[in-house]
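Undergrad: Here you go, this is start-v9.cif (mmCIF, N, CA and C atoms).
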```cif
data_my_file
#
loop_
_atom_site.group_PDB
_atom_site.id
_atom_site.type_symbol
_atom_site.label_atom_id
_atom_site.label_comp_id
_atom_site.auth_asym_id
_atom_site.auth_seq_id
_atom_site.Cartn_x
_atom_site.Cartn_y
_atom_site.Cartn_z
ATOM 1 N N MET A 883 85.438 130.021 101.661
ATOM 2 C CA MET A 883 85.564 128.972 102.638
ATOM 3 C C MET A 883 85.496 127.632 101.926
ATOM 4 N N THR A 884 86.497 126.813 102.133
ATOM 5 C CA THR A 884 86.499 125.493 101.521
ATOM 6 C C THR A 884 86.207 124.452 102.584
ATOM 7 N N LEU A 885 85.419 123.496 102.208
ATOM 8 C CA LEU A 885 85.026 122.421 103.106
ATOM 9 C C LEU A 885 85.890 121.207 102.802
ATOM 10 N N GLN A 886 86.610 120.732 103.769
ATOM 11 C CA GLN A 886 87.468 119.570 103.594
ATOM 12 C C GLN A 886 86.889 118.403 104.389
ATOM 13 N N PHE A 887 86.743 117.265 103.737
ATOM 14 C CA PHE A 887 86.255 116.068 104.400
ATOM 15 C C PHE A 887 87.461 115.254 104.824
ATOM 16 N N GLN A 888 87.592 115.004 106.100
ATOM 17 C CA GLN A 888 88.713 114.239 106.617
ATOM 18 C C GLN A 888 88.318 112.767 106.728
ATOM 19 N N SER A 889 89.108 111.914 106.115
ATOM 20 C CA SER A 889 88.855 110.485 106.198
ATOM 21 C C SER A 889 89.230 109.988 107.585
ATOM 22 N N PRO A 890 88.414 109.100 108.169
ATOM 23 C CA PRO A 890 88.732 108.597 109.504
ATOM 24 C C PRO A 890 89.958 107.691 109.516
ATOM 25 N N GLN A 891 90.348 107.144 108.352
ATOM 26 C CA GLN A 891 91.491 106.252 108.279
ATOM 27 C C GLN A 891 92.674 106.979 107.660
ATOM 28 N N PRO A 892 93.887 106.714 108.118
ATOM 29 C CA PRO A 892 95.052 107.316 107.473
ATOM 30 C C PRO A 892 95.259 106.715 106.090
ATOM 31 N N SER A 893 95.899 107.459 105.231
ATOM 32 C CA SER A 893 96.152 106.998 103.879
ATOM 33 C C SER A 893 97.107 105.800 103.899
ATOM 34 N N PRO A 894 96.850 104.778 103.059
ATOM 35 C CA PRO A 894 97.773 103.648 103.007
ATOM 36 C C PRO A 894 99.176 104.047 102.564
ATOM 37 N N ILE A 895 99.281 105.130 101.777
ATOM 38 C CA ILE A 895 100.592 105.591 101.311
ATOM 39 C C ILE A 895 101.422 106.064 102.497
ATOM 40 N N ALA A 896 100.787 106.721 103.468
ATOM 41 C CA ALA A 896 101.515 107.195 104.644
ATOM 42 C C ALA A 896 102.001 106.024 105.491
ATOM 43 N N LEU A 897 101.219 104.957 105.552
ATOM 44 C CA LEU A 897 101.598 103.801 106.352
ATOM 45 C C LEU A 897 102.622 102.911 105.651
ATOM 46 N N PHE A 898 102.472 102.744 104.340
ATOM 47 C CA PHE A 898 103.346 101.860 103.570
ATOM 48 C C PHE A 898 103.899 102.611 102.360
ATOM 49 N N PRO A 899 105.081 103.216 102.452
ATOM 50 C CA PRO A 899 105.628 104.021 101.349
ATOM 51 C C PRO A 899 105.860 103.242 100.056
ATOM 52 N N PHE A 900 106.047 101.924 100.109
ATOM 53 C CA PHE A 900 106.291 101.161 98.890
ATOM 54 C C PHE A 900 105.078 101.128 97.974
ATOM 55 N N LEU A 901 103.890 101.461 98.476
ATOM 56 C CA LEU A 901 102.687 101.474 97.637
ATOM 57 C C LEU A 901 102.716 102.605 96.616
ATOM 58 N N ALA A 902 103.514 103.644 96.868
ATOM 59 C CA ALA A 902 103.572 104.777 95.944
ATOM 60 C C ALA A 902 104.156 104.378 94.598
ATOM 61 N N SER A 903 104.991 103.357 94.554
ATOM 62 C CA SER A 903 105.604 102.938 93.299
ATOM 63 C C SER A 903 104.714 101.992 92.494
ATOM 64 N N MET A 904 103.596 101.546 93.041
ATOM 65 C CA MET A 904 102.700 100.624 92.336
ATOM 66 C C MET A 904 101.764 101.375 91.393
ATOM 67 N N LYS A 905 101.200 100.628 90.458
ATOM 68 C CA LYS A 905 100.243 101.194 89.508
ATOM 69 C C LYS A 905 98.967 101.574 90.245
ATOM 70 N N ALA A 906 98.445 102.750 89.941
ATOM 71 C CA ALA A 906 97.221 103.216 90.583
ATOM 72 C C ALA A 906 96.118 103.385 89.546
ATOM 73 N N VAL A 907 94.940 102.890 89.856
ATOM 74 C CA VAL A 907 93.760 103.056 89.008
ATOM 75 C C VAL A 907 92.784 103.934 89.774
ATOM 76 N N GLU A 908 92.438 105.089 89.186
ATOM 77 C CA GLU A 908 91.517 106.030 89.830
ATOM 78 C C GLU A 908 90.161 105.936 89.140
ATOM 79 N N LEU A 909 89.112 105.791 89.937
ATOM 80 C CA LEU A 909 87.757 105.651 89.413
ATOM 81 C C LEU A 909 86.795 106.542 90.180
ATOM 82 N N LYS A 910 85.750 106.972 89.490
ATOM 83 C CA LYS A 910 84.624 107.638 90.145
ATOM 84 C C LYS A 910 83.545 106.571 90.294
ATOM 85 N N VAL A 911 83.140 106.306 91.534
ATOM 86 C CA VAL A 911 82.171 105.245 91.817
ATOM 87 C C VAL A 911 80.984 105.857 92.542
ATOM 88 N N GLU A 912 79.782 105.519 92.081
ATOM 89 C CA GLU A 912 78.566 106.001 92.724
ATOM 90 C C GLU A 912 78.350 105.241 94.035
ATOM 91 N N MET A 913 78.442 105.960 95.149
ATOM 92 C CA MET A 913 78.248 105.363 96.473
ATOM 93 C C MET A 913 77.148 106.114 97.197
ATOM 94 N N LEU A 914 76.366 105.406 97.999
ATOM 95 C CA LEU A 914 75.243 106.028 98.693
ATOM 96 C C LEU A 914 75.546 106.378 100.139
ATOM 97 N N GLY A 915 76.483 105.698 100.765
ATOM 98 C CA GLY A 915 76.762 105.985 102.163
ATOM 99 C C GLY A 915 77.915 105.161 102.680
ATOM 100 N N PHE A 916 78.067 105.157 104.001
ATOM 101 C CA PHE A 916 79.181 104.453 104.605
ATOM 102 C C PHE A 916 79.071 102.938 104.437
ATOM 103 N N HIS A 917 77.839 102.406 104.380
ATOM 104 C CA HIS A 917 77.698 100.971 104.166
ATOM 105 C C HIS A 917 78.186 100.580 102.775
ATOM 106 N N SER A 918 78.054 101.486 101.806
ATOM 107 C CA SER A 918 78.563 101.222 100.464
ATOM 108 C C SER A 918 80.079 101.148 100.472
ATOM 109 N N GLU A 919 80.706 101.958 101.327
ATOM 110 C CA GLU A 919 82.166 101.942 101.410
ATOM 111 C C GLU A 919 82.664 100.572 101.861
ATOM 112 N N LYS A 920 81.996 99.989 102.827
ATOM 113 C CA LYS A 920 82.396 98.672 103.326
ATOM 114 C C LYS A 920 82.211 97.607 102.241
ATOM 115 N N ARG A 921 81.079 97.656 101.542
ATOM 116 C CA ARG A 921 80.821 96.713 100.446
ATOM 117 C C ARG A 921 81.846 96.857 99.336
ATOM 118 N N LEU A 922 82.174 98.119 99.021
ATOM 119 C CA LEU A 922 83.133 98.404 97.957
ATOM 120 C C LEU A 922 84.521 97.895 98.323
ATOM 121 N N ARG A 923 84.932 98.140 99.556
ATOM 122 C CA ARG A 923 86.251 97.689 100.014
ATOM 123 C C ARG A 923 86.342 96.151 99.968
ATOM 124 N N LYS A 924 85.267 95.469 100.363
ATOM 125 C CA LYS A 924 85.237 94.009 100.347
ATOM 126 C C LYS A 924 85.309 93.480 98.915
ATOM 127 N N CYS A 925 84.572 94.105 98.016
ATOM 128 C CA CYS A 925 84.554 93.702 96.611
ATOM 129 C C CYS A 925 85.937 93.848 95.976
ATOM 130 N N LEU A 926 86.585 94.979 96.219
ATOM 131 C CA LEU A 926 87.879 95.239 95.586
ATOM 132 C C LEU A 926 89.006 94.421 96.205
ATOM 133 N N SER A 927 88.906 94.106 97.477
ATOM 134 C CA SER A 927 89.974 93.348 98.117
ATOM 135 C C SER A 927 90.021 91.896 97.629
ATOM 136 N N ARG A 928 88.945 91.412 97.047
ATOM 137 C CA ARG A 928 88.911 90.038 96.534
ATOM 138 C C ARG A 928 89.575 89.891 95.172
ATOM 139 N N ILE A 929 89.876 90.993 94.503
ATOM 140 C CA ILE A 929 90.477 90.938 93.170
ATOM 141 C C ILE A 929 91.963 90.612 93.311
ATOM 142 N N ARG A 930 92.420 89.666 92.516
ATOM 143 C CA ARG A 930 93.829 89.286 92.547
ATOM 144 C C ARG A 930 94.689 90.445 92.031
ATOM 145 N N GLY A 931 95.716 90.796 92.775
ATOM 146 C CA GLY A 931 96.635 91.863 92.374
ATOM 147 C C GLY A 931 96.377 93.193 93.061
ATOM 148 N N VAL A 932 95.291 93.311 93.799
ATOM 149 C CA VAL A 932 94.985 94.551 94.509
ATOM 150 C C VAL A 932 95.720 94.536 95.852
ATOM 151 N N LYS A 933 96.534 95.571 96.086
ATOM 152 C CA LYS A 933 97.302 95.667 97.328
ATOM 153 C C LYS A 933 96.689 96.649 98.318
ATOM 154 N N ALA A 934 96.107 97.742 97.819
ATOM 155 C CA ALA A 934 95.528 98.757 98.709
ATOM 156 C C ALA A 934 94.366 99.441 98.011
ATOM 157 N N VAL A 935 93.391 99.866 98.810
ATOM 158 C CA VAL A 935 92.218 100.578 98.301
ATOM 159 C C VAL A 935 92.044 101.845 99.120
ATOM 160 N N GLU A 936 91.975 102.993 98.435
ATOM 161 C CA GLU A 936 91.718 104.275 99.092
ATOM 162 C C GLU A 936 90.361 104.770 98.620
ATOM 163 N N ILE A 937 89.501 105.150 99.551
ATOM 164 C CA ILE A 937 88.156 105.614 99.211
ATOM 165 C C ILE A 937 87.941 106.990 99.807
ATOM 166 N N GLU A 938 87.565 107.948 98.951
ATOM 167 C CA GLU A 938 87.180 109.275 99.401
ATOM 168 C C GLU A 938 85.677 109.392 99.178
ATOM 169 N N LEU A 939 84.926 109.205 100.228
ATOM 170 C CA LEU A 939 83.467 109.113 100.134
ATOM 171 C C LEU A 939 82.854 110.408 99.634
ATOM 172 N N PHE A 940 83.358 111.553 100.107
ATOM 173 C CA PHE A 940 82.786 112.836 99.729
ATOM 174 C C PHE A 940 82.969 113.120 98.238
ATOM 175 N N LYS A 941 84.128 112.752 97.689
ATOM 176 C CA LYS A 941 84.403 112.981 96.270
ATOM 177 C C LYS A 941 83.929 111.837 95.377
ATOM 178 N N LYS A 942 83.539 110.708 95.993
ATOM 179 C CA LYS A 942 83.163 109.495 95.258
ATOM 180 C C LYS A 942 84.332 108.984 94.420
ATOM 181 N N LYS A 943 85.522 109.103 94.982
ATOM 182 C CA LYS A 943 86.748 108.724 94.293
ATOM 183 C C LYS A 943 87.339 107.484 94.956
ATOM 184 N N VAL A 944 87.757 106.535 94.123
ATOM 185 C CA VAL A 944 88.381 105.309 94.600
ATOM 186 C C VAL A 944 89.720 105.155 93.890
ATOM 187 N N VAL A 945 90.770 104.916 94.662
ATOM 188 C CA VAL A 945 92.101 104.666 94.108
ATOM 189 C C VAL A 945 92.490 103.251 94.498
ATOM 190 N N VAL A 946 92.747 102.431 93.479
ATOM 191 C CA VAL A 946 93.125 101.037 93.699
ATOM 192 C C VAL A 946 94.595 100.901 93.312
ATOM 193 N N ARG A 947 95.420 100.417 94.235
ATOM 194 C CA ARG A 947 96.854 100.258 93.982
ATOM 195 C C ARG A 947 97.197 98.782 93.925
ATOM 196 N N GLY A 948 98.054 98.440 92.954
ATOM 197 C CA GLY A 948 98.494 97.057 92.790
ATOM 198 C C GLY A 948 98.718 96.752 91.323
ATOM 199 N N GLU A 949 98.665 95.476 90.983
ATOM 200 C CA GLU A 949 98.912 95.037 89.610
ATOM 201 C C GLU A 949 97.623 94.757 88.838
ATOM 202 N N ALA A 950 96.470 94.968 89.432
ATOM 203 C CA ALA A 950 95.194 94.672 88.770
ATOM 204 C C ALA A 950 94.924 95.667 87.639
ATOM 205 N N GLU A 951 94.311 95.175 86.573
ATOM 206 C CA GLU A 951 93.989 96.016 85.423
ATOM 207 C C GLU A 951 92.652 96.726 85.644
ATOM 208 N N GLN A 952 92.496 97.869 84.966
ATOM 209 C CA GLN A 952 91.290 98.663 85.136
ATOM 210 C C GLN A 952 90.045 97.908 84.663
ATOM 211 N N GLY A 953 90.163 97.144 83.597
ATOM 212 C CA GLY A 953 89.022 96.379 83.092
ATOM 213 C C GLY A 953 88.524 95.357 84.100
ATOM 214 N N ARG A 954 89.445 94.685 84.762
ATOM 215 C CA ARG A 954 89.067 93.686 85.763
ATOM 216 C C ARG A 954 88.402 94.345 86.971
ATOM 217 N N ILE A 955 88.913 95.509 87.360
ATOM 218 C CA ILE A 955 88.346 96.243 88.490
ATOM 219 C C ILE A 955 86.935 96.717 88.156
ATOM 220 N N SER A 956 86.763 97.298 86.965
ATOM 221 C CA SER A 956 85.444 97.785 86.545
ATOM 222 C C SER A 956 84.429 96.651 86.456
ATOM 223 N N LYS A 957 84.875 95.501 85.970
ATOM 224 C CA LYS A 957 83.982 94.358 85.847
ATOM 225 C C LYS A 957 83.515 93.874 87.222
ATOM 226 N N ALA A 958 84.428 93.824 88.183
ATOM 227 C CA ALA A 958 84.064 93.398 89.533
ATOM 228 C C ALA A 958 83.090 94.394 90.169
ATOM 229 N N LEU A 959 83.309 95.685 89.941
ATOM 230 C CA LEU A 959 82.399 96.691 90.484
ATOM 231 C C LEU A 959 81.019 96.583 89.861
ATOM 232 N N ARG A 960 80.966 96.364 88.555
ATOM 233 C CA ARG A 960 79.689 96.237 87.853
ATOM 234 C C ARG A 960 78.912 95.021 88.361
ATOM 235 N N ARG A 961 79.607 93.917 88.600
ATOM 236 C CA ARG A 961 78.949 92.713 89.104
ATOM 237 C C ARG A 961 78.427 92.895 90.527
ATOM 238 N N SER A 962 79.067 93.796 91.289
ATOM 239 C CA SER A 962 78.626 94.053 92.669
ATOM 240 C C SER A 962 77.536 95.113 92.742
ATOM 241 N N GLY A 963 77.196 95.713 91.610
ATOM 242 C CA GLY A 963 76.111 96.684 91.592
ATOM 243 C C GLY A 963 76.546 98.135 91.667
ATOM 244 N N PHE A 964 77.845 98.412 91.482
ATOM 245 C CA PHE A 964 78.340 99.792 91.495
ATOM 246 C C PHE A 964 78.537 100.279 90.066
ATOM 247 N N ARG A 965 78.201 101.541 89.848
ATOM 248 C CA ARG A 965 78.499 102.166 88.561
ATOM 249 C C ARG A 965 79.815 102.904 88.705
ATOM 250 N N SER A 966 80.716 102.734 87.734
ATOM 251 C CA SER A 966 82.011 103.389 87.823
ATOM 252 C C SER A 966 82.421 103.930 86.464
ATOM 253 N N GLU A 967 83.299 104.914 86.516
ATOM 254 C CA GLU A 967 83.887 105.491 85.315
ATOM 255 C C GLU A 967 85.279 105.996 85.675
ATOM 256 N N PRO A 968 86.160 106.143 84.690
ATOM 257 C CA PRO A 968 87.508 106.631 85.001
ATOM 258 C C PRO A 968 87.454 108.031 85.610
ATOM 259 N N TRP A 969 88.350 108.286 86.542
ATOM 260 C CA TRP A 969 88.404 109.581 87.228
ATOM 261 C C TRP A 969 89.114 110.584 86.324
ATOM 262 N N CYS A 970 88.585 111.808 86.268
ATOM 263 C CA CYS A 970 89.265 112.889 85.555
ATOM 264 C C CYS A 970 89.174 114.154 86.408
ATOM 265 N N ASN A 971 90.020 115.123 86.114
ATOM 266 C CA ASN A 971 90.049 116.349 86.910
ATOM 267 C C ASN A 971 88.757 117.139 86.798
ATOM 268 N N LYS A 972 87.993 116.905 85.733
ATOM 269 C CA LYS A 972 86.712 117.588 85.561
ATOM 270 C C LYS A 972 85.777 117.284 86.734
ATOM 271 N N ASN A 973 85.869 116.080 87.272
ATOM 272 C CA ASN A 973 85.019 115.699 88.398
ATOM 273 C C ASN A 973 85.288 116.571 89.615
ATOM 274 N N GLU A 974 86.560 116.887 89.886
ATOM 275 C CA GLU A 974 86.898 117.728 91.029
ATOM 276 C C GLU A 974 86.397 119.152 90.826
ATOM 277 N N ILE A 975 86.491 119.673 89.612
ATOM 278 C CA ILE A 975 86.026 121.033 89.317
ATOM 279 C C ILE A 975 84.512 121.125 89.497
ATOM 280 N N LEU A 976 83.783 120.135 88.980
ATOM 281 C CA LEU A 976 82.327 120.137 89.124
ATOM 282 C C LEU A 976 81.913 120.014 90.581
ATOM 283 N N LEU A 977 82.613 119.190 91.349
ATOM 284 C CA LEU A 977 82.300 119.019 92.761
ATOM 285 C C LEU A 977 82.534 120.322 93.524
ATOM 286 N N ALA A 978 83.640 121.007 93.254
ATOM 287 C CA ALA A 978 83.940 122.267 93.936
ATOM 288 C C ALA A 978 82.890 123.330 93.600
ATOM 289 N N THR A 979 82.449 123.368 92.352
ATOM 290 C CA THR A 979 81.425 124.330 91.945
ATOM 291 C C THR A 979 80.102 124.034 92.635
ATOM 292 N N TYR A 980 79.723 122.772 92.691
ATOM 293 C CA TYR A 980 78.469 122.376 93.324
ATOM 294 C C TYR A 980 78.482 122.713 94.809
ATOM 295 N N VAL A 981 79.557 122.372 95.500
ATOM 296 C CA VAL A 981 79.657 122.644 96.933
ATOM 297 C C VAL A 981 79.643 124.150 97.183
ATOM 298 N N GLY A 982 80.311 124.910 96.326
ATOM 299 C CA GLY A 982 80.327 126.365 96.472
ATOM 300 C C GLY A 982 78.942 126.961 96.351
ATOM 301 N N ARG A 983 78.154 126.475 95.407
ATOM 302 C CA ARG A 983 76.775 126.987 95.236
ATOM 303 C C ARG A 983 75.886 126.626 96.407
ATOM 304 N N CYS A 984 76.046 125.404 96.915
ATOM 305 C CA CYS A 984 75.196 124.956 98.013
ATOM 306 C C CYS A 984 75.432 125.769 99.275
ATOM 307 N N TYR A 985 76.674 126.108 99.563
ATOM 308 C CA TYR A 985 76.975 126.789 100.804
ATOM 309 C C TYR A 985 76.840 128.310 100.702
ATOM 310 N N THR A 986 76.846 128.869 99.487
ATOM 311 C CA THR A 986 76.615 130.308 99.359
ATOM 312 C C THR A 986 75.126 130.638 99.370
ATOM 313 N N ALA A 987 74.279 129.628 99.154
ATOM 314 C CA ALA A 987 72.834 129.867 99.144
ATOM 315 C C ALA A 987 72.286 130.088 100.563
ATOM 316 N N PHE A 988 73.012 129.662 101.576
ATOM 317 C CA PHE A 988 72.528 129.799 102.957
ATOM 318 C C PHE A 988 72.828 131.124 103.524
#
```
Would you write the structure of this file as structure tokens?
TA:
Amino acid sequence: MTLQFQSPQPSPIALFPFLASMKAVELKVEMLGFHSEKRLRKCLSRIRGVKAVEIELFKKKVVVRGEAEQGRISKALRRSGFRSEPWCNKNEILLATYVGRCYTAF
């Protein structure tokens, strides 16, 4: 049994197809809850060159689309109090393993 977390907002790619051709920066960001999502969205929207922000709270994954560089994005997150690192597929594998162990223990 796989647990899927559905985001309450539709993906910006579905609403605006031209965003798919823009540069995407994927990051793993430590977030504590829904209030962190609002703070994170506000922080990233202030960066020049950012067109769209996608946040997957359950995976702690943030995708920033636009012309902004990864260094500038990381610096803004660090100044706002968020810890971030580049996203890799290893994060998804570890998350799936952790969730699998938690739900098989019950």
Undergrad: Any chance you could work out the residue set of the PyMOL selection byres (((chain A and resi 953 and name CA) around 12) and name CA) here, as an MDAnalysis selection string?
TA: chainID A and resid 907 909 929 949:952 954:960 966:968
Undergrad: For atom N of A:Cys925 and atom N of A:Cys970, quote the distance in Å rounded to one decimal.
TA: 21.6 Å
Undergrad: Work out how far apart atom CA of A:Lys920 and atom C of A:Ile975 are and give it in Å to one decimal.
TA: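 Atom C of A:Ile975 lies 26.5 Å from atom CA of A:Lys920.
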Undergrad: Have a look at atom C of A:Arg921 and atom C of A:Leu977 and let me know their distance in Å, one decimal.
TA: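 About the pair atom C of A:Arg921 and atom C of A:Leu977: they are 24.2 Å apart.
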Undergrad: Under the rule that all atoms listed in the file are counted, which of A:Arg947, A:Arg961, A:Gly931, A:Leu939 is the nearest residue to A:Glu919?
TA: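 When distances to A:Glu919 are compared using all atoms listed in the file, the smallest one comes from A:Leu939.
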Undergrad: Measuring between only C-alpha atoms, which one of A:Leu914, A:Arg965, A:Glu974, A:Arg923 shows the shortest distance to A:Lys941?
TA: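 With only C-alpha atoms as the atom set, the closest residue is A:Glu974.
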Undergrad: Would you translate the PyMOL selection byres ((chain A and resi 906) around 6.5) into the concrete set of residues it matches in this file, as a ChimeraX atom specification?
TA: /A:904-905,907-908,945-948
Undergrad: Nearest to A:Val911: which of A:Leu976, A:Glu936, A:Lys942, A:Trp969 is it, counting all atoms listed in the file?
TA: A:Lys942
Undergrad: Got a moment to write stretch 940-960 of chain A out with N, CA and C atoms, as a PDB file, in the first residue's frame?
TA:
```pdb
ATOM      1  N   PHE A 940       5.024  16.884   2.090  1.00  0.00           N
ATOM      2  CA  PHE A 940       5.293  15.549   2.600  1.00  0.00           C
ATOM      3  C   PHE A 940       6.703  15.079   2.242  1.00  0.00           C
ATOM      4  N   LYS A 941       7.161  15.404   1.032  1.00  0.00           N
ATOM      5  CA  LYS A 941       8.498  15.002   0.591  1.00  0.00           C
ATOM      6  C   LYS A 941       9.581  16.008   0.971  1.00  0.00           C
ATOM      7  N   LYS A 942       9.165  17.196   1.442  1.00  0.00           N
ATOM      8  CA  LYS A 942      10.091  18.295   1.744  1.00  0.00           C
ATOM      9  C   LYS A 942      10.850  18.724   0.491  1.00  0.00           C
ATOM     10  N   LYS A 943      10.146  18.710  -0.627  1.00  0.00           N
ATOM     11  CA  LYS A 943      10.735  19.029  -1.920  1.00  0.00           C
ATOM     12  C   LYS A 943      10.177  20.358  -2.417  1.00  0.00           C
ATOM     13  N   VAL A 944      11.074  21.203  -2.917  1.00  0.00           N
ATOM     14  CA  VAL A 944      10.694  22.495  -3.468  1.00  0.00           C
ATOM     15  C   VAL A 944      11.262  22.592  -4.879  1.00  0.00           C
ATOM     16  N   VAL A 945      10.413  22.955  -5.830  1.00  0.00           N
ATOM     17  CA  VAL A 945      10.840  23.167  -7.213  1.00  0.00           C
ATOM     18  C   VAL A 945      10.597  24.630  -7.539  1.00  0.00           C
ATOM     19  N   VAL A 946      11.679  25.318  -7.903  1.00  0.00           N
ATOM     20  CA  VAL A 946      11.602  26.739  -8.238  1.00  0.00           C
ATOM     21  C   VAL A 946      11.834  26.862  -9.741  1.00  0.00           C
ATOM     22  N   ARG A 947      10.894  27.482 -10.448  1.00  0.00           N
ATOM     23  CA  ARG A 947      11.001  27.644 -11.900  1.00  0.00           C
ATOM     24  C   ARG A 947      11.212  29.109 -12.231  1.00  0.00           C
ATOM     25  N   GLY A 948      12.116  29.345 -13.191  1.00  0.00           N
ATOM     26  CA  GLY A 948      12.409  30.707 -13.631  1.00  0.00           C
ATOM     27  C   GLY A 948      13.867  30.827 -14.021  1.00  0.00           C
ATOM     28  N   GLU A 949      14.376  32.046 -13.993  1.00  0.00           N
ATOM     29  CA  GLU A 949      15.757  32.311 -14.393  1.00  0.00           C
ATOM     30  C   GLU A 949      16.700  32.456 -13.200  1.00  0.00           C
ATOM     31  N   ALA A 950      16.219  32.293 -11.988  1.00  0.00           N
ATOM     32  CA  ALA A 950      17.055  32.467 -10.794  1.00  0.00           C
ATOM     33  C   ALA A 950      18.069  31.328 -10.668  1.00  0.00           C
ATOM     34  N   GLU A 951      19.253  31.663 -10.178  1.00  0.00           N
ATOM     35  CA  GLU A 951      20.312  30.673 -10.000  1.00  0.00           C
ATOM     36  C   GLU A 951      20.154  29.962  -8.655  1.00  0.00           C
ATOM     37  N   GLN A 952      20.689  28.738  -8.591  1.00  0.00           N
ATOM     38  CA  GLN A 952      20.554  27.941  -7.383  1.00  0.00           C
ATOM     39  C   GLN A 952      21.261  28.596  -6.193  1.00  0.00           C
ATOM     40  N   GLY A 953      22.397  29.220  -6.425  1.00  0.00           N
ATOM     41  CA  GLY A 953      23.124  29.883  -5.342  1.00  0.00           C
ATOM     42  C   GLY A 953      22.322  31.013  -4.719  1.00  0.00           C
ATOM     43  N   ARG A 954      21.653  31.788  -5.549  1.00  0.00           N
ATOM     44  CA  ARG A 954      20.842  32.897  -5.047  1.00  0.00           C
ATOM     45  C   ARG A 954      19.641  32.383  -4.254  1.00  0.00           C
ATOM     46  N   ILE A 955      19.047  31.292  -4.729  1.00  0.00           N
ATOM     47  CA  ILE A 955      17.902  30.695  -4.043  1.00  0.00           C
ATOM     48  C   ILE A 955      18.330  30.145  -2.686  1.00  0.00           C
ATOM     49  N   SER A 956      19.447  29.412  -2.659  1.00  0.00           N
ATOM     50  CA  SER A 956      19.946  28.840  -1.404  1.00  0.00           C
ATOM     51  C   SER A 956      20.298  29.927  -0.393  1.00  0.00           C
ATOM     52  N   LYS A 957      20.876  31.015  -0.879  1.00  0.00           N
ATOM     53  CA  LYS A 957      21.248  32.109   0.006  1.00  0.00           C
ATOM     54  C   LYS A 957      20.011  32.754   0.634  1.00  0.00           C
ATOM     55  N   ALA A 958      18.967  32.952  -0.160  1.00  0.00           N
ATOM     56  CA  ALA A 958      17.734  33.539   0.363  1.00  0.00           C
ATOM     57  C   ALA A 958      17.088  32.607   1.393  1.00  0.00           C
ATOM     58  N   LEU A 959      17.119  31.304   1.135  1.00  0.00           N
ATOM     59  CA  LEU A 959      16.556  30.353   2.090  1.00  0.00           C
ATOM     60  C   LEU A 959      17.340  30.343   3.390  1.00  0.00           C
ATOM     61  N   ARG A 960      18.662  30.391   3.293  1.00  0.00           N
ATOM     62  CA  ARG A 960      19.514  30.393   4.482  1.00  0.00           C
ATOM     63  C   ARG A 960      19.262  31.645   5.326  1.00  0.00           C
TER      64      ARG A 960
END
```
